[in-house]
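Trainee: This is model_2.txt (compact mmCIF, C-alpha atoms and all ligand atoms).
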# COMPACT_ATOMS: atom_id res chain seq x y z
CA MET A 1 -35.64 -22.12 -6.79
CA PHE A 2 -33.36 -21.08 -3.98
CA SER A 3 -34.73 -18.60 -1.51
CA ILE A 4 -32.57 -15.66 -0.54
CA PHE A 5 -32.22 -17.28 2.86
CA THR A 6 -30.81 -20.49 1.35
CA ILE A 7 -28.27 -18.56 -0.67
CA ILE A 8 -27.12 -16.50 2.29
CA SER A 9 -26.84 -19.44 4.65
CA ALA A 10 -24.86 -21.37 2.04
CA LEU A 11 -22.08 -18.76 2.05
CA PRO A 12 -19.01 -19.80 3.98
CA LEU A 13 -18.80 -18.14 7.37
CA ALA A 14 -16.40 -15.22 7.07
CA VAL A 15 -14.49 -15.37 10.34
CA PHE A 16 -11.92 -12.80 9.30
CA SER A 17 -12.94 -9.67 7.53
CA LEU A 18 -9.60 -7.88 7.77
CA SER A 19 -9.20 -5.59 4.80
CA PRO A 20 -5.93 -3.67 5.07
CA PRO A 21 -4.28 -2.49 1.84
CA SER A 22 -2.23 -5.13 0.03
CA SER A 23 1.00 -3.14 0.36
CA ARG A 24 2.27 0.19 1.62
CA THR A 25 5.61 0.75 -0.05
CA THR A 26 5.31 4.32 -1.30
CA PRO A 27 4.62 7.47 0.68
CA PRO A 28 1.15 9.00 0.39
CA THR A 29 1.08 12.40 -1.35
CA GLY A 30 2.23 15.11 0.99
CA ALA A 31 3.75 12.75 3.54
CA PHE A 32 6.85 13.69 5.50
CA ILE A 33 9.41 11.08 4.50
CA VAL A 34 11.87 9.45 6.87
CA ARG A 35 14.68 7.44 5.31
CA SER A 36 17.71 6.18 7.18
CA GLY A 37 20.90 7.74 5.79
CA THR A 38 19.05 9.94 3.33
CA THR A 39 20.95 12.63 1.47
CA SER A 40 17.83 14.20 -0.01
CA SER A 41 16.97 17.63 1.36
CA SER A 42 13.27 16.80 1.08
CA GLU A 43 13.58 13.82 3.42
CA TYR A 44 14.47 13.30 7.08
CA ALA A 45 17.03 10.83 8.40
CA SER A 46 15.20 10.23 11.65
CA LEU A 47 11.69 10.34 13.04
CA THR A 48 12.85 13.01 15.50
CA GLU A 49 13.75 15.33 12.60
CA ALA A 50 10.47 14.70 10.79
CA VAL A 51 8.42 15.34 13.92
CA ALA A 52 10.31 18.59 14.52
CA ALA A 53 9.46 19.70 10.97
CA LEU A 54 5.70 19.17 11.30
CA PRO A 55 3.59 22.32 10.97
CA SER A 56 1.94 23.49 14.16
CA GLY A 57 -1.81 23.25 14.40
CA THR A 58 -4.11 20.29 14.10
CA SER A 59 -4.21 19.58 10.35
CA ALA A 60 -3.85 15.85 9.66
CA VAL A 61 -0.27 14.94 8.71
CA THR A 62 1.35 11.68 7.67
CA ILE A 63 4.91 10.52 8.22
CA PHE A 64 6.13 7.64 6.03
CA MET A 65 9.19 5.71 7.20
CA TYR A 66 11.38 3.69 4.87
CA PRO A 67 12.88 0.40 6.12
CA GLY A 68 15.58 0.63 8.73
CA THR A 69 16.45 0.61 12.39
CA TYR A 70 16.09 4.06 13.88
CA SER A 71 17.88 4.42 17.22
CA GLU A 72 16.07 7.26 18.89
CA GLN A 73 13.59 8.19 21.59
CA VAL A 74 10.74 10.24 20.19
CA ASP A 75 8.02 12.27 21.93
CA ILE A 76 5.02 13.31 19.83
CA THR A 77 3.17 16.31 21.25
CA ARG A 78 1.33 17.39 18.11
CA ALA A 79 -2.13 15.97 17.40
CA ALA A 80 -3.42 14.28 14.23
CA VAL A 81 -0.26 12.45 13.18
CA THR A 82 -0.26 9.17 11.26
CA ILE A 83 3.02 7.27 11.08
CA MET A 84 3.28 4.50 8.51
CA GLY A 85 6.12 2.04 8.11
CA TYR A 86 7.07 0.72 4.69
CA THR A 87 5.70 -2.79 4.37
CA GLU A 88 4.73 -5.32 1.76
CA ASP A 89 2.03 -6.68 4.10
CA PRO A 90 0.22 -3.96 6.05
CA GLY A 91 -2.13 -6.47 7.67
CA SER A 92 0.55 -8.27 9.65
CA TYR A 93 3.27 -7.17 12.05
CA THR A 94 5.35 -10.15 10.91
CA SER A 95 6.51 -8.33 7.78
CA ASN A 96 7.41 -5.04 9.46
CA GLN A 97 10.63 -3.45 8.21
CA VAL A 98 10.80 -0.31 10.36
CA THR A 99 12.13 -0.41 13.92
CA ILE A 100 12.45 2.43 16.41
CA THR A 101 14.69 1.37 19.26
CA ALA A 102 16.12 2.77 22.50
CA GLY A 103 17.01 1.32 25.89
CA GLU A 104 16.07 3.79 28.63
CA SER A 105 14.99 2.55 32.07
CA ALA A 106 12.53 4.38 34.29
CA GLY A 107 15.23 4.40 36.94
CA THR A 108 17.55 6.45 34.76
CA ALA A 109 14.94 8.46 32.86
CA GLY A 110 13.06 9.51 36.00
CA SER A 111 9.62 8.06 35.27
CA ASP A 112 7.90 5.27 33.40
CA ASP A 113 6.76 7.71 30.71
CA ALA A 114 10.19 9.29 30.31
CA SER A 115 11.70 5.89 29.55
CA GLY A 116 9.42 5.32 26.57
CA THR A 117 11.07 4.73 23.21
CA LEU A 118 8.03 6.26 21.52
CA ARG A 119 5.93 8.61 23.64
CA LEU A 120 2.54 9.92 22.56
CA HIS A 121 1.31 13.06 24.31
CA ALA A 122 -1.24 14.18 21.76
CA ASP A 123 -4.57 12.95 20.44
CA ASP A 124 -5.68 11.39 17.16
CA ILE A 125 -2.54 9.43 16.39
CA ALA A 126 -2.31 6.30 14.24
CA LEU A 127 0.70 3.99 13.96
CA TYR A 128 0.98 1.40 11.20
CA ASN A 129 3.60 -1.33 10.80
CA ILE A 130 6.21 0.10 13.14
CA ASP A 131 8.22 -2.02 15.58
CA ILE A 132 9.00 -0.14 18.78
CA LYS A 133 11.58 -1.60 21.14
CA ASN A 134 12.92 -0.86 24.58
CA THR A 135 16.04 -3.00 24.87
CA PHE A 136 16.85 -2.25 28.52
CA GLY A 137 15.82 -5.75 29.64
CA SER A 138 14.98 -6.81 33.16
CA GLY A 139 15.63 -4.80 36.33
CA SER A 140 13.49 -1.70 35.88
CA GLN A 141 10.36 -0.47 34.24
CA ALA A 142 11.41 0.27 30.67
CA ILE A 143 8.61 1.32 28.35
CA ALA A 144 8.55 0.77 24.59
CA LEU A 145 5.34 2.73 23.86
CA SER A 146 4.10 5.31 26.35
CA ASN A 147 0.62 6.23 25.20
CA TYR A 148 -1.08 9.28 26.75
CA GLY A 149 -3.16 10.05 23.66
CA ASN A 150 -6.91 9.97 23.12
CA GLN A 151 -8.14 8.18 19.99
CA VAL A 152 -4.87 6.45 19.27
CA GLY A 153 -4.81 3.44 16.94
CA VAL A 154 -1.91 1.00 16.90
CA TYR A 155 -2.19 -1.22 13.83
CA ALA A 156 0.08 -4.18 13.00
CA CYS A 157 2.89 -2.80 15.14
CA GLY A 158 5.39 -4.67 17.30
CA LEU A 159 5.99 -3.56 20.90
CA TYR A 160 9.02 -5.15 22.52
CA GLY A 161 10.15 -4.80 26.12
CA TYR A 162 10.45 -6.79 29.33
CA GLN A 163 8.93 -4.94 32.30
CA ASP A 164 6.08 -2.54 31.49
CA THR A 165 6.39 -2.65 27.68
CA LEU A 166 3.17 -0.76 26.96
CA LEU A 167 1.97 2.13 29.08
CA ALA A 168 -1.67 2.47 27.95
CA GLU A 169 -2.32 5.37 30.27
CA GLN A 170 -5.34 7.46 29.30
CA GLY A 171 -7.94 8.15 26.64
CA LEU A 172 -9.42 5.84 24.02
CA GLN A 173 -6.90 3.45 22.46
CA VAL A 174 -7.00 0.41 20.17
CA TYR A 175 -4.30 -2.17 19.54
CA LEU A 176 -5.17 -4.32 16.54
CA GLN A 177 -3.25 -7.13 14.79
CA SER A 178 -0.10 -6.23 16.71
CA TYR A 179 2.59 -8.00 18.73
CA ILE A 180 3.20 -7.08 22.36
CA GLU A 181 6.09 -8.76 24.20
CA GLY A 182 7.14 -8.63 27.83
CA ALA A 183 7.26 -10.43 31.15
CA VAL A 184 6.27 -8.22 34.08
CA ASP A 185 3.03 -6.16 33.99
CA PHE A 186 3.72 -5.56 30.35
CA ILE A 187 0.41 -3.88 29.53
CA PHE A 188 -0.36 -1.31 32.20
CA GLY A 189 -1.78 2.13 32.91
CA GLN A 190 -4.47 3.95 34.82
CA THR A 191 -7.47 5.52 33.08
CA ALA A 192 -7.25 4.35 29.46
CA GLN A 193 -10.12 2.61 27.73
CA GLY A 194 -8.14 0.12 25.65
CA TYR A 195 -9.45 -2.43 23.15
CA PHE A 196 -7.10 -5.18 22.00
CA GLU A 197 -8.02 -7.49 19.10
CA GLY A 198 -6.13 -9.94 16.95
CA ASN A 199 -2.84 -9.38 18.74
CA THR A 200 -0.13 -11.80 19.70
CA LEU A 201 0.84 -11.34 23.37
CA ALA A 202 4.28 -12.88 23.81
CA VAL A 203 5.47 -13.79 27.28
CA SER A 204 9.24 -13.54 27.74
CA GLY A 205 9.61 -14.23 31.47
CA THR A 206 7.86 -14.66 34.82
CA GLY A 207 5.03 -12.27 35.57
CA CYS A 208 1.61 -10.89 34.74
CA ILE A 209 0.46 -9.76 31.32
CA THR A 210 -1.63 -6.81 32.57
CA ALA A 211 -1.51 -4.46 35.54
CA SER A 212 -4.58 -2.23 35.47
CA GLY A 213 -4.27 0.86 37.65
CA ARG A 214 -7.98 1.77 37.61
CA ASP A 215 -8.40 3.31 41.04
CA GLU A 216 -12.10 4.19 41.17
CA ASP A 217 -15.34 3.12 39.52
CA ASN A 218 -14.76 4.85 36.17
CA ASP A 219 -14.74 3.79 32.49
CA ALA A 220 -11.14 2.55 32.46
CA ILE A 221 -10.90 -0.94 30.97
CA TYR A 222 -8.59 -3.20 29.04
CA LEU A 223 -10.81 -5.36 26.85
CA PHE A 224 -9.11 -8.18 24.98
CA ASN A 225 -10.93 -10.10 22.27
CA HIS A 226 -9.50 -12.81 20.01
CA ASN A 227 -5.87 -12.49 21.04
CA THR A 228 -3.25 -15.24 21.16
CA ILE A 229 -0.87 -15.66 24.08
CA ILE A 230 2.42 -17.34 23.24
CA LYS A 231 5.84 -17.87 24.75
CA ALA A 232 8.26 -15.40 23.16
CA SER A 233 11.05 -16.97 21.11
CA ASP A 234 13.64 -15.25 23.33
CA ALA A 235 11.90 -16.10 26.63
CA THR A 236 13.94 -16.79 29.75
CA THR A 237 12.72 -19.32 32.34
CA ILE A 238 9.07 -18.67 33.08
CA ASP A 239 8.03 -19.57 36.64
CA TYR A 240 4.46 -18.39 36.15
CA THR A 241 2.20 -16.35 33.87
CA TYR A 242 -1.09 -14.75 34.90
CA LEU A 243 -3.52 -12.71 32.81
CA GLY A 244 -3.15 -9.86 35.24
CA ARG A 245 -2.79 -8.40 38.70
CA PRO A 246 -4.38 -5.24 40.12
CA TRP A 247 -2.05 -2.26 40.32
CA SER A 248 -5.03 -0.49 41.93
CA ASP A 249 -8.07 -2.02 43.56
CA PHE A 250 -10.63 -1.15 40.85
CA ALA A 251 -8.56 -2.84 38.15
CA GLN A 252 -10.76 -3.84 35.20
CA VAL A 253 -9.50 -6.35 32.62
CA ILE A 254 -11.56 -8.67 30.43
CA PHE A 255 -10.17 -11.42 28.21
CA LEU A 256 -12.58 -12.87 25.64
CA ASN A 257 -11.89 -15.70 23.20
CA THR A 258 -8.20 -15.99 24.04
CA GLU A 259 -6.09 -18.73 22.46
CA VAL A 260 -3.35 -19.64 24.94
CA GLU A 261 -0.20 -21.47 23.83
CA THR A 262 2.03 -20.92 26.86
CA ALA A 263 1.27 -22.28 30.34
CA LEU A 264 -1.04 -20.11 32.44
CA GLU A 265 -1.50 -20.60 36.18
CA ALA A 266 -4.79 -22.25 37.18
CA ALA A 267 -5.95 -19.12 39.04
CA LEU A 268 -5.52 -17.03 35.84
CA TRP A 269 -5.29 -13.87 38.02
CA MET A 270 -2.96 -12.88 40.83
CA GLU A 271 -3.21 -10.43 43.70
CA TRP A 272 -0.91 -7.40 43.53
CA SER A 273 1.14 -8.66 46.47
CA SER A 274 0.43 -10.56 49.68
CA SER A 275 0.70 -7.38 51.78
CA GLU A 276 -1.35 -5.30 49.30
CA PRO A 277 -3.74 -7.59 47.40
CA ASN A 278 -5.84 -4.75 45.84
CA THR A 279 -8.64 -7.17 45.09
CA ASP A 280 -11.60 -5.44 46.83
CA HIS A 281 -13.27 -3.97 43.73
CA VAL A 282 -11.52 -5.59 40.78
CA VAL A 283 -13.36 -6.63 37.63
CA PHE A 284 -11.29 -9.49 36.29
CA ALA A 285 -13.12 -11.77 33.90
CA ASP A 286 -12.55 -14.18 31.05
CA TYR A 287 -14.68 -16.05 28.55
CA ASN A 288 -13.78 -18.88 26.20
CA THR A 289 -10.14 -19.11 27.23
CA THR A 290 -8.82 -22.09 25.30
CA GLY A 291 -5.62 -23.67 24.05
CA SER A 292 -2.80 -25.92 25.17
CA GLY A 293 -1.64 -23.44 27.86
CA VAL A 294 -4.91 -23.51 29.82
CA PRO A 295 -4.76 -25.90 32.79
CA SER A 296 -7.38 -28.63 32.61
CA SER A 297 -8.86 -27.56 35.93
CA LEU A 298 -9.00 -23.83 36.41
CA ASP A 299 -9.10 -22.43 39.94
CA ARG A 300 -10.15 -18.79 39.68
CA PRO A 301 -10.05 -16.76 42.92
CA SER A 302 -13.36 -15.54 44.38
CA TRP A 303 -12.73 -12.03 43.00
CA ALA A 304 -12.46 -13.19 39.38
CA THR A 305 -15.28 -14.24 37.05
CA ALA A 306 -15.84 -16.74 34.27
CA LEU A 307 -18.36 -14.95 32.04
CA THR A 308 -21.35 -16.64 30.47
CA SER A 309 -21.77 -16.16 26.73
CA SER A 310 -24.48 -13.53 27.26
CA GLU A 311 -22.33 -11.64 29.76
CA ALA A 312 -19.40 -11.81 27.36
CA ALA A 313 -21.58 -10.43 24.55
CA ASP A 314 -22.01 -7.21 26.53
CA TYR A 315 -18.30 -6.46 26.12
CA THR A 316 -17.67 -4.98 22.68
CA LEU A 317 -15.50 -2.41 20.97
CA SER A 318 -18.34 0.09 21.48
CA SER A 319 -18.96 -0.80 25.08
CA ALA A 320 -15.27 -0.35 25.85
CA LEU A 321 -14.69 2.88 23.91
CA GLY A 322 -18.01 4.61 23.35
CA THR A 323 -16.89 6.51 20.25
CA THR A 324 -15.45 4.21 17.58
CA SER A 325 -15.64 6.18 14.30
CA TRP A 326 -11.92 7.00 14.57
CA VAL A 327 -10.90 3.30 14.58
CA ASP A 328 -9.47 1.93 11.31
CA SER A 329 -11.94 -0.91 10.81
CA ASP A 330 -9.72 -2.48 8.14
CA TYR A 331 -7.89 -4.00 11.10
CA LEU A 332 -10.97 -5.37 12.87
CA MET A 333 -12.12 -8.95 12.43
C1 LIG A 401 -13.63 -19.28 21.35
O1 LIG A 401 -12.48 -18.60 20.92
C2 LIG A 401 -11.87 -19.13 19.76
C3 LIG A 401 -10.63 -18.32 19.48
O2 LIG A 401 -9.73 -18.45 20.49
C4 LIG A 401 -12.85 -19.07 18.60
O3 LIG A 401 -12.26 -19.67 17.47
C5 LIG A 401 -14.15 -19.72 18.97
O4 LIG A 401 -15.08 -19.49 17.94
C6 LIG A 401 -14.68 -19.17 20.26
N1 LIG A 401 -15.87 -19.90 20.68
C7 LIG A 401 -17.00 -19.29 21.03
C8 LIG A 401 -18.09 -20.17 21.52
O5 LIG A 401 -17.14 -18.07 20.96
What does this structure look like when you write it as structure tokens?
Mentor:
Amino acid sequence: MFSIFTIISALPLAVFSLSPPSSRTTPPTGAFIVRSGTTSSSEYASLTEAVAALPSGTSAVTIFMYPGTYSEQVDITRAAVTIMGYTEDPGSYTSNQVTITAGESAGTAGSDDASGTLRLHADDIALYNIDIKNTFGSGSQAIALSNYGNQVGVYACGLYGYQDTLLAEQGLQVYLQSYIEGAVDFIFGQTAQGYFEGNTLAVSGTGCITASGRDEDNDAIYLFNHNTIIKASDATTIDYTYLGRPWSDFAQVIFLNTEVETALEAALWMEWSSSEPNTDHVVFADYNTTGSGVPSSLDRPSWATALTSSEAADYTLSSALGTTSWVDSDYLM
């Protein structure tokens, strides 16, 4: 006779419990449909046109995008919008077939936010299987996704830029199973509570992955758990890569269980600049940082922490966000 305990403990350990749908190749009923080059009067040829056609109010609406490259800059100011890209593998960004692309710089556009290829200025937004690119390149801040929404989920998307790719500015945000590429401060913002899990962070040049602008002792945090850091396939020469530097002096960034495949500096963290270090009140910490890119002897500065396993266990999706019912748990491990 096997006891219940024996049976349970004999089950293989399920490390991944991702459960996204097996495909997403047809629009849900009632969706607004975007199809490049469409001649159908019931469809829209661009995301801009579909967004303009949304009813006012806060009813939940879905936009379904057929494969294609959409060259446009889009600002979403209406709440409760889900945008889904056609894909044969919703669980992975690697099969994405929808790209939204523009190449504005903050210098030309007037602000970081204004340069964003996709800008979110409303709450309760979900993005699935969309690649969002800012092709400006080096020389200015140039944002791919500018996210000012509360309760925004980014699922299996690709965010491509160089300097300041993702502006995770305010509210509760999750980035799950996605790809985020850049070189300089490429995940940054001020008061957002952001949770990042299962993403590939691709380094394309010299710089810091994060630049937290938390400027007082508030709930702002970027919590990373089970992400992989790689060198981007189109990377230029990389002089150094750090996990982050403090844009403001209460910067709070935690990296848990990171697999690192591109060379990190032994300090892991950098000061903002020698004249303005911003390190007085930072919370910079890591736990279980492993992989070929981690130097054999780490040399963290006095203002950074290597967490113990019990300290690391205090950092969870719930601890970072508070409210989590809005998160699509299909994309959580
Ligand atoms: C450390 O992180 C790796 C993923 O990078 C994971 O496979 C492993 O289980 C983690 N170890 C501990 C002790 O949590």
Trainee: Pick out the closest residue to Thr323 (chain A) from this set: A:Gln193, A:Gln73, A:Gln170, A:Thr206. Count all atoms listed in the file.
Mentor: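 Counting all atoms listed in the file, the residue closest to Thr323 (chain A) is A:Gln193.
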Trainee: Kindly provide, as a PDB file with C-alpha atoms, in the frame of the given file, all nucleotide and amino acid residues lying within 6 Å of ligand LIG 401 (chain A), counting only C-alpha atoms and all ligand atoms.
Mentor:
ATOM      1  CA  HIS A 226      -9.500 -12.810  20.010  1.00  0.00           C
ATOM      2  CA  ASN A 257     -11.890 -15.700  23.200  1.00  0.00           C
ATOM      3  CA  THR A 258      -8.200 -15.990  24.040  1.00  0.00           C
ATOM      4  CA  GLU A 259      -6.090 -18.730  22.460  1.00  0.00           C
ATOM      5  CA  ASN A 288     -13.780 -18.880  26.200  1.00  0.00           C
TER       6      ASN A 288
END
Trainee: In Å, how far is it from CA of Ala122 (chain A) to CA of Leu317 (chain A)?
Mentor: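 Separating CA of Ala122 (chain A) from CA of Leu317 (chain A) is a distance of 21.9 Å.
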Trainee: Calculated over only C-alpha atoms, which of the candidates A:Tyr148, A:Tyr162, A:Tyr175, A:Phe186 has the smallest distance to Tyr93 (chain A)?
Mentor: A:Tyr175
Trainee: Please compute the CA of Ala45 (chain A)-CA of Tyr179 (chain A) distance, one decimal, in Å.
Mentor: 25.9 Å
Trainee: Write out as a PDB file with C-alpha atoms, keeping the file's coordinate frame which residues come within 12 Å of region 27-36 of chain A when counting only C-alpha atoms, dropping same-chain ones fewer than 4 positions away.
Mentor:
ATOM      1  CA  SER A  23       1.000  -3.140   0.360  1.00  0.00           C
ATOM      2  CA  SER A  40      17.830  14.200  -0.010  1.00  0.00           C
ATOM      3  CA  SER A  41      16.970  17.630   1.360  1.00  0.00           C
ATOM      4  CA  SER A  42      13.270  16.800   1.080  1.00  0.00           C
ATOM      5  CA  GLU A  43      13.580  13.820   3.420  1.00  0.00           C
ATOM      6  CA  TYR A  44      14.470  13.300   7.080  1.00  0.00           C
ATOM      7  CA  ALA A  45      17.030  10.830   8.400  1.00  0.00           C
ATOM      8  CA  SER A  46      15.200  10.230  11.650  1.00  0.00           C
ATOM      9  CA  LEU A  47      11.690  10.340  13.040  1.00  0.00           C
ATOM     10  CA  THR A  48      12.850  13.010  15.500  1.00  0.00           C
ATOM     11  CA  GLU A  49      13.750  15.330  12.600  1.00  0.00           C
ATOM     12  CA  ALA A  50      10.470  14.700  10.790  1.00  0.00           C
ATOM     13  CA  VAL A  51       8.420  15.340  13.920  1.00  0.00           C
ATOM     14  CA  ALA A  52      10.310  18.590  14.520  1.00  0.00           C
ATOM     15  CA  ALA A  53       9.460  19.700  10.970  1.00  0.00           C
ATOM     16  CA  LEU A  54       5.700  19.170  11.300  1.00  0.00           C
ATOM     17  CA  PRO A  55       3.590  22.320  10.970  1.00  0.00           C
ATOM     18  CA  ALA A  60      -3.850  15.850   9.660  1.00  0.00           C
ATOM     19  CA  VAL A  61      -0.270  14.940   8.710  1.00  0.00           C
ATOM     20  CA  THR A  62       1.350  11.680   7.670  1.00  0.00           C
ATOM     21  CA  ILE A  63       4.910  10.520   8.220  1.00  0.00           C
ATOM     22  CA  PHE A  64       6.130   7.640   6.030  1.00  0.00           C
ATOM     23  CA  MET A  65       9.190   5.710   7.200  1.00  0.00           C
ATOM     24  CA  TYR A  66      11.380   3.690   4.870  1.00  0.00           C
ATOM     25  CA  PRO A  67      12.880   0.400   6.120  1.00  0.00           C
ATOM     26  CA  GLY A  68      15.580   0.630   8.730  1.00  0.00           C
ATOM     27  CA  THR A  69      16.450   0.610  12.390  1.00  0.00           C
ATOM     28  CA  TYR A  70      16.090   4.060  13.880  1.00  0.00           C
ATOM     29  CA  SER A  71      17.880   4.420  17.220  1.00  0.00           C
ATOM     30  CA  GLU A  72      16.070   7.260  18.890  1.00  0.00           C
ATOM     31  CA  VAL A  81      -0.260  12.450  13.180  1.00  0.00           C
ATOM     32  CA  THR A  82      -0.260   9.170  11.260  1.00  0.00           C
ATOM     33  CA  ILE A  83       3.020   7.270  11.080  1.00  0.00           C
ATOM     34  CA  MET A  84       3.280   4.500   8.510  1.00  0.00           C
ATOM     35  CA  GLY A  85       6.120   2.040   8.110  1.00  0.00           C
ATOM     36  CA  TYR A  86       7.070   0.720   4.690  1.00  0.00           C
ATOM     37  CA  THR A  87       5.700  -2.790   4.370  1.00  0.00           C
ATOM     38  CA  GLN A  97      10.630  -3.450   8.210  1.00  0.00           C
ATOM     39  CA  VAL A  98      10.800  -0.310  10.360  1.00  0.00           C
ATOM     40  CA  THR A  99      12.130  -0.410  13.920  1.00  0.00           C
ATOM     41  CA  ILE A 100      12.450   2.430  16.410  1.00  0.00           C
TER      42      ILE A 100
END
Trainee: Select, from A:Gly213, A:Gly291, A:Gly137, A:Pro90, the residue with the minimum atom-to-atom distance to Thr236 (chain A), counting only C-alpha atoms.
Mentor: A:Gly137
